[in-house]
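This report concerns only the one structure given below.
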Amino acid sequence: MKRWIATGLVALGAMFGAVGTLHAAGTSFPMDKAPHLTNDTAALQNGAKIFVNYCLSCHSASFVRYNRLTEIGLTEKQIRENLMFTTDKVGNQMIAAIDPKQAKAWFGAQPPDLSLVARSRAAQMSYSGTDYLYTLLRGYYRDPNRPTGWNNVAFHNIGMPHPLWELQGERKPIFEKVVSHGHEAEVFRGWEVVKPGKLSEAEYDRTVAELVAFLEWMGEPAKNDRIRLGVWVLVFLGVFTVIAWRLNAAYWKDVK
């Protein structure tokens, strides 16, 4: 059964490809703010399910092992029965189902590992990696001029087809041409629904937000623990500062 599912995921993986330049010349598109869900266990669990079903067919997360998903509230039994399509051992890395040689032959390059994609995008851009991913996965539209049939308002001439198109459906962007400082540019004004998907717009946005939250969690699974620990450290330092201040006053009270 697992082998059959893995085969299906490989077929789905043919949808993915290499990416092109980030921003279209003359096109202005702001990044949307991604909801912060890394403290929401249910959201991370659903994000893991979406990642395994729609991304892991081509994109590995080799820095993460399946058994680490117990940190988001899943048992090893749940992981084996619901998330392990590309391996039989819960301690193995999350490796893509696609063969690297086939990926290179089909796409010209092997699809990138997504373990640190949220962190790497944040390091390269002036906005957060989660905002970029959230906007990207909600910015696809049909483009018959592209080899894959898809383009993206946030990543012009993207090489990766829309992995969640059945959920979102098909949309058409509405651009308005404006002249600024003597240069003509296209400004995004909204969307026109061409074909509805399985999910409503609000449901799809939530699905993408949960997937992005899982990608953020994979990049630094200990982030929430580090933040909580940092709060307690600051509280301790604050209390210790008061104690040190009073001790200093007591030691020097008789010195004139």
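The way I read the labels, and the way they are meant: chains A, B, ... in the order of the structure tokens, residue 1 as the first residue of every chain, and ligand 1 as the first ligand shown, with later ones counted on from there.
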Taking the DSSP secondary structure from the backbone, can you list the residues of range 162-217 of chain A that are helix (DSSP H, G or I), as a ChimeraX atom specification? /A:165-168,201-217
Within 10 Å of Trp165 in chain A, counting only C-alpha atoms, which residues qualify if same-chain residues fewer than 3 places away don't, as a PyMOL selection string? chain A and resi 137-138+140-142+150+161-162+168-171+196-198
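Using only C-alpha atoms for every distance, the candidate list A:Val235, A:Val117, A:Leu69, A:Met160 yields A:Met160 as the residue closest to Pro147 in chain A.
Each of A:Trp232, A:Trp245, A:Tyr251, A:Phe214 was compared to Gly47 in chain A using only C-alpha atoms, and A:Phe214 turns out to be the nearest.
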Spatial neighbours of Arg119 in chain A, max dist 10 Å, only C-alpha atoms, sep filter under 2 positions, as a PyMOL selection string: chain A and resi 114-117+121-124+128-130+215-220
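Counting only C-alpha atoms, the residue from A:Gly159, A:Gly91, A:Gly73, A:Gly190 that sits nearest to Ile174 in chain A is A:Gly190.
Counting only C-alpha atoms, the residue from A:Gly238, A:Asp143, A:Ala249, A:Lys177 that sits nearest to His156 in chain A is A:Asp143.
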